Amino acid sequence: MTKIDKILYLFFFLAIIVGMSVVYPYSIAQLEATDYFVFSDDYLAMKIAELPGVTALLSDFLMQFYRWQGVGMLIEATVLTLMALMLSDIPKRIGHQTYHALGLFLPMALLFISLSQLEFHLQSLFMVLAIWSFFRLSKPLYQYIYLLLFELTALLVMPWTMMILASVTMAVGWVLRSRNLRSVFAALAFIILTLIWSYYAVGLMSDTIGFVQLNKRYLYAPVEDLSVWIYLAFFVGALLLTCIPFKINKWATYGIQCAILAIGCTVFVLIFTNKQLRLEEKSQRLAALAEKKDWKQIMKELPGKEAVSNKVYMCYAMLAEAALGTLPENVFKYPVVFSENLLYRDNSKDFCRNFNRQFYENIEIYDECFRQSYEYGIQSRNGLCFAAMRQMIKYAVLTDNYPVAEKYIEKIACSPTHVSLAKKWRHALEAQKKRNAQSQKPLRANTFVGAYLIGLEMMGQLEFGHQSQMIIDYALISFLLDCDLDNFMKLLIQYHAYEGRQLPKAYAEAVAMIISDTGDETIRQYVSYPPQYDMQFRQFDAQYMAEKEGKDIPGGKTDFSGTYWNYFVKASQLAPTGAGN
Amino acid sequence: MKAIFYIFLLTLFCACSERTPREHSSELPPIFPDYTNVTIPPNIAPLNFGIRGAEYIRVTISYADKTLMELSGDEYIRISAKAWRKMLDTHKGKALTVNVAAWTKEHPDGLQYNSFTIHIAEETIDGHVAYRLIPPGYIGWNKMAIMQRDLSNFDETPIITNNENEGGCLNCHNFCQGNPDCYMLHARNKGGGTVIVKDGKMEKKDISIHAHNATYPNWHPDGRFIAFSVNDVHQSFYSHCVSKIEVFDNFSDLIIYDTKTDRIIEDLRFADTLQMETFPAFSPDGKYLYFCSSPTHILPFDVDSMAYSILRVPFDVKTGRTGTPVDTVYNAHIQGGSASHPRISPDGQYLLFAWAESGTFPIQHPESELMMIDLKTNKLYKPDNINAQGADSYHNWSSNGKWVVFASRRIEGRTTNLFFSYFANGQFCKPFMLPQKDPEQNVQRFFSYNVPEFIKGKVDVDRDAMSAMLQSKK
């Protein structure tokens, strides 16, 4: 290996650790959040039952360390660099000199097509390791024993396609190394035997260890969104690349090294500038800020139009505004068209579940937070994940559900990275128990979450006695969004939420409109708002009527976007039968 | 060197010598699972148990002052299956005495607890129990499986997992008279349907009416008909309440499915929108069909008003039709509460059902209990011993009518575990938890045990064929 090769390998190794940790820290932490590993019989049996089970288990074990982004990327970089080193060493073992830089092609391709998919990278590493180890053996007896062991264990660490690929590579290498007719027959026999054995072995494993889905037994791509042929092409291509005949020509070596460097840089630039990945990273960052309740920072990170550029940003901006108490002022600046747009009501994606949890946490409806945490965990590949467990423990404690909290603490304590956290939780739980005798809760009450529109749901909370300014505002805003002005007025008057205070903009606009439409001046004794809203509404109304009748607007058109009146008119047009009722 | 050798020998001697507890307690040992003073079948798996936090426990099992077994362990004891089997075989109908001593941080010199008994019944329990393992949750799931457990040992094997169904839901398994070769289950997915295994054939059927799938099943004892309720099931979620979930039907009717002719038989009396009918159950002689029924309400708003009564209607085994009269066995409006899961004992005398204050899903109601009706006298009573704090719900009689298995959330309120209870003279004995190799597995497991059904033997299923069938469009 030349000095430049070494630099290339070091560059690749460090670029993963530093680059990824700096550019995607929240996405890396998210990998741990959705991972799960505990030393428990059920979990271990479940993982081993996957094909290839040992790799699945190892991947989950290592992934728990991604909680510390640098450590996570160190693992990722080590796996990929080891793979590159072994790959570049294989031709030498067959008796050919090689361009070492070419060993980096496969890891770079894997990084590009399956970023941070540790399980797949480990499977690939085991495949390369199997081939490399075989060529390290020189005595035929050892080779035979090795091949036997390979046949028996390969499916535990790599999928069927990789096993066959490794077998063919070993067989071809064997022939190339021996260069005699006998080895050709032996190699052919080995491939045929591998095909027959592996076919039955998969079935046997499915019958005994754990059922393997019919379409995930033989020829399939272990990476999502990738056809099996492209996946195979990457591996075959990478193996063939390492076999490019070596020529003692320094320009050829430099050329290949430059090409690999260029490919590497392109891969990293593409990864670091990928729009989708950047969006996910920012979304995770917003989620992390919401977790810390750093609402001002969220608003800082979503300036102007950025807050309305997609639903994720909009939801977090509105959540922050609600927490800061400014949502009633600004809600109609956001392109919401229905109260259910305040959260992700019917979306079961993990990100949406997490947002919903944060939404309900802010209004202290912890039972719903527990449920959203559970549903979040269900979306993870193991059906349960660290983040969900941590959150469920937190909410079980907050809802005085001590037996459940105890059980979950004991469960998560079986994860090596949660031992000290479990200890802290146990103390917190004991303290909570002492502080708070079992609270008296009703068996059932009309406090359903998710059964009615948000406005009525919040009304149920208020009627139950669970009151806060945020809940009142969410209820009022929801009624406005759903054009349910009767309930809006009823709630505004009933809960005296703004008694002695001026109404925020959205409410004032709605009240001005209601008074103008109904002529009910008695409303004014319950609320107060600046008189300019009455005047502005009259102007809006005149402009609207003029537009409707196709008349000219004296003094030119005024921009009423961002007002409740504008929203109401549009919403009424969208839902002519229901709006306004 | 010699000194070291003697110290080594002394240490070895101390380690091997039997510990004797220095303190005594008049209380029963806090063992988990609680097997104190229970009645068990003679063919049950070893009742391994432990004391949480114990550093060492010692257990002696004896009969008439004769020690039958001496066991010890750090946190729990593991009983040899062979010795256990022999002991149960030779002591049928007798009560064994169990002495437990534990060494804990609080009692470093050991504490000898008061002894308790384990009574071994003469009557055996069915060989297996089938149940669904499902995350203890709300709407979503990831992994689930219908499993079978050999009750004479710790072998647990899948009948089907949702891997075979590409992750889709599996539910409502039901066996005809506990026959492992005659059963059905629903697989809900793209290629899903109702899987019916009978006479060595496995078939997938689309059993639905008015765009709703057949839901809760019960086989007729002769194996030809299956009664189903067709339910439009929904969930709503409480906050700030003891109950967390309300499961309710927006619609539910009864149908009879004829496995011989592949025909659905409807009775318009039980297919209207004014009443909701659910949880059908045939009497053991097959002459009656029992089911639950409630007037329709606006849900979930009026869920507290949902009161299901138990009705009974004659069943014609030749035509598969229900006749007259429709009798009320349990009148929820007069007797209070709401009834679910009626199950009649094999001798036809007793009807065991789950009672809750309201609604149709008692496992989500912490107040739910098992209630009994003596069908000879029509007397309703709450059986002794079997109920506890926490929901007690789905239950099933063994084929000899001497045992029931039921699902209960009595341990921590969220996860459902299985309990068994001996039944004699209209009353139950103290129930015992499903024995596990590691006793903590029952609670450490992240899955709930759902819909326990006794089976007389092991279900043998070709899972590849099942999977291929579930994925086919036919």
# chains A, B, ... in the order shown; residues from 1 in each chain; ligands from 1
$ select_by_dssp --residues "stretch 141-252 of chain B" --states "strand (DSSP E or B)" --output "ChimeraX atom specification"
/B:145-150,156-161,169-175,183-188,193-198,201-205,208-209,212-219,225-237,245-252
$ write_last_selection --atoms "C-alpha atoms" --output "short mmCIF file (atom, residue, chain, number, x, y, z; two decimals), in the first residue's frame"
data_model
loop_
_atom_site.label_atom_id
_atom_site.label_comp_id
_atom_site.auth_asym_id
_atom_site.auth_seq_id
_atom_site.Cartn_x
_atom_site.Cartn_y
_atom_site.Cartn_z
CA ALA B 145 -48.14 -14.36 16.55
CA ILE B 146 -50.66 -17.01 17.42
CA MET B 147 -48.70 -19.36 19.62
CA GLN B 148 -49.28 -22.69 21.29
CA ARG B 149 -47.86 -23.71 24.59
CA ASP B 150 -47.43 -27.28 25.79
CA GLU B 156 -43.88 -22.59 23.08
CA THR B 157 -44.18 -22.80 19.30
CA PRO B 158 -45.88 -20.61 16.74
CA ILE B 159 -49.03 -21.69 14.94
CA ILE B 160 -48.61 -18.65 12.73
CA THR B 161 -46.71 -15.39 13.04
CA CYS B 169 -52.84 -8.61 11.73
CA LEU B 170 -53.81 -12.08 12.90
CA ASN B 171 -56.71 -12.58 15.23
CA CYS B 172 -59.62 -14.50 16.63
CA HIS B 173 -58.33 -18.05 16.49
CA ASN B 174 -60.93 -20.58 17.48
CA PHE B 175 -60.87 -24.36 17.72
CA TYR B 183 -59.61 -24.49 13.71
CA MET B 184 -59.90 -21.06 12.14
CA LEU B 185 -58.23 -17.69 12.37
CA HIS B 186 -58.40 -14.37 10.59
CA ALA B 187 -55.46 -12.92 8.68
CA ARG B 188 -55.98 -9.27 7.82
CA GLY B 193 -59.10 -13.73 4.80
CA THR B 194 -60.41 -16.29 7.21
CA VAL B 195 -58.22 -19.37 7.30
CA ILE B 196 -60.21 -22.52 7.98
CA VAL B 197 -58.36 -25.74 8.67
CA LYS B 198 -60.61 -28.81 8.68
CA LYS B 201 -57.51 -29.10 4.30
CA MET B 202 -56.46 -25.50 4.73
CA GLU B 203 -58.58 -22.91 2.97
CA LYS B 204 -58.84 -19.16 2.86
CA LYS B 205 -62.33 -17.72 2.81
CA SER B 208 -68.01 -10.80 5.09
CA ILE B 209 -71.33 -8.99 4.84
CA HIS B 212 -67.51 -5.87 7.03
CA ASN B 213 -65.45 -8.92 7.82
CA ALA B 214 -66.49 -11.73 10.10
CA THR B 215 -64.88 -11.05 13.47
CA TYR B 216 -65.51 -12.95 16.73
CA PRO B 217 -66.05 -16.67 16.01
CA ASN B 218 -67.31 -19.77 17.72
CA TRP B 219 -67.38 -23.25 16.19
CA PHE B 225 -71.03 -24.28 11.29
CA ILE B 226 -69.17 -21.32 12.70
CA ALA B 227 -71.08 -18.48 14.30
CA PHE B 228 -69.51 -15.08 13.78
CA SER B 229 -70.26 -11.60 14.85
CA VAL B 230 -69.45 -9.03 12.20
CA ASN B 231 -68.06 -6.00 13.97
CA ASP B 232 -66.92 -2.57 12.94
CA VAL B 233 -64.40 -2.17 15.75
CA HIS B 234 -63.06 1.23 16.82
CA GLN B 235 -60.86 2.55 19.59
CA SER B 236 -60.90 5.82 21.49
CA PHE B 237 -58.39 6.92 24.06
CA ILE B 245 -58.82 2.80 25.96
CA GLU B 246 -62.41 2.29 25.00
CA VAL B 247 -62.93 -0.29 22.29
CA PHE B 248 -66.39 -0.19 20.79
CA ASP B 249 -68.32 -1.32 17.77
CA ASN B 250 -70.05 1.13 15.51
CA PHE B 251 -71.90 -1.80 14.06
CA SER B 252 -72.20 -5.50 14.91
#
$ residues_around --residues "B:Phe154" --least-positions-apart "2" --cutoff "9 Å" --atoms "only C-alpha atoms" --output "number ranges by chain"
B: 45-46, 149-152, 156, 435-437
$ closest_atom_pairs --of "chain A" --to "chain B" --cutoff "6 Å" --atoms "only C-alpha atoms" --output "Markdown table"
| residue | atom | partner | partner_atom | distance |
| --- | --- | --- | --- | --- |
| A:Gln213 | CA | B:Asn163 | CA | 5.9 |
| A:Asp367 | CA | B:Ser239 | CA | 5.2 |
| A:Ile378 | CA | B:Asn142 | CA | 5.5 |
| A:Gly383 | CA | B:Asn142 | CA | 4.9 |
| A:Pro403 | CA | B:Glu412 | CA | 5.2 |
| A:Lys441 | CA | B:Cys241 | CA | 5.4 |
| A:Pro442 | CA | B:Cys241 | CA | 5.2 |
| A:Leu443 | CA | B:Val242 | CA | 4.7 |
| A:Arg444 | CA | B:Cys241 | CA | 5.4 |
| A:Thr447 | CA | B:Tyr238 | CA | 5.5 |
| A:Phe448 | CA | B:Tyr238 | CA | 4.6 |
| A:Val449 | CA | B:Phe237 | CA | 5.4 |
| A:Ala451 | CA | B:Ser236 | CA | 5.8 |
$ write_last_selection --atoms "N, CA and C atoms" --output "CSV table (one decimal), in the first residue's frame"
chain,number,residue,atom,x,y,z
A,213,GLN,N,-39.9,-14.9,5.7
A,213,GLN,CA,-40.9,-14.5,4.6
A,213,GLN,C,-40.4,-15.1,3.3
A,367,ASP,N,-51.4,10.8,29.2
A,367,ASP,CA,-51.8,9.5,28.7
A,367,ASP,C,-51.7,9.4,27.2
A,378,ILE,N,-43.7,1.2,17.9
A,378,ILE,CA,-44.3,0.2,17.0
A,378,ILE,C,-43.8,0.4,15.6
A,383,GLY,N,-40.3,-3.1,16.6
A,383,GLY,CA,-41.6,-2.9,17.3
A,383,GLY,C,-41.5,-2.3,18.6
A,403,PRO,N,-46.6,0.6,38.4
A,403,PRO,CA,-46.3,-0.7,38.0
A,403,PRO,C,-45.7,-0.8,36.6
A,441,LYS,N,-58.3,9.1,40.3
A,441,LYS,CA,-58.7,9.4,38.9
A,441,LYS,C,-60.1,8.7,38.7
A,442,PRO,N,-60.9,9.3,37.8
A,442,PRO,CA,-62.1,8.6,37.5
A,442,PRO,C,-61.8,7.4,36.7
A,443,LEU,N,-62.7,6.4,36.8
A,443,LEU,CA,-62.5,5.2,35.9
A,443,LEU,C,-62.6,5.6,34.5
A,444,ARG,N,-63.6,6.4,34.1
A,444,ARG,CA,-63.8,6.8,32.8
A,444,ARG,C,-64.4,8.2,32.8
A,447,THR,N,-63.1,12.3,28.2
A,447,THR,CA,-61.8,13.0,27.9
A,447,THR,C,-61.1,12.4,26.8
A,448,PHE,N,-61.9,11.9,25.8
A,448,PHE,CA,-61.3,11.2,24.7
A,448,PHE,C,-60.4,12.1,23.9
A,449,VAL,N,-59.3,11.4,23.5
A,449,VAL,CA,-58.4,12.1,22.6
A,449,VAL,C,-58.4,11.4,21.2
A,451,ALA,N,-61.0,11.3,19.3
A,451,ALA,CA,-62.3,10.8,18.9
A,451,ALA,C,-63.1,12.0,18.2
$ residues_around --residues "stretch 417-419 of chain B" --least-positions-apart "5" --cutoff "6 Å" --atoms "only C-alpha atoms" --output "MDAnalysis selection string"
chainID B and resid 405:408 431:434 449
$ write_last_selection --atoms "C-alpha atoms" --output "PDB file, in the first residue's frame"
ATOM      1  CA  VAL B 405     -57.890 -20.427  31.499  1.00  0.00           C
ATOM      2  CA  PHE B 406     -58.410 -16.688  31.526  1.00  0.00           C
ATOM      3  CA  ALA B 407     -56.588 -13.528  30.550  1.00  0.00           C
ATOM      4  CA  SER B 408     -55.935 -11.044  33.324  1.00  0.00           C
ATOM      5  CA  PRO B 431     -55.784 -19.283  40.090  1.00  0.00           C
ATOM      6  CA  PHE B 432     -52.148 -19.817  39.180  1.00  0.00           C
ATOM      7  CA  MET B 433     -50.121 -18.104  36.517  1.00  0.00           C
ATOM      8  CA  LEU B 434     -48.866 -19.869  33.400  1.00  0.00           C
ATOM      9  CA  TYR B 449     -51.383 -13.057  26.019  1.00  0.00           C
TER      10      TYR B 449
END
$ residues_around --residues "stretch 421-430 of chain B" --least-positions-apart "4" --cutoff "8 Å" --atoms "only C-alpha atoms" --output "list in words"
Asn37, Val38, Thr39, Ile40, Tyr350, Asp374, Pro383, Asp384, Asn385, Ile386, Gly401, Lys402, Trp403, Val404 and Val405 of chain B
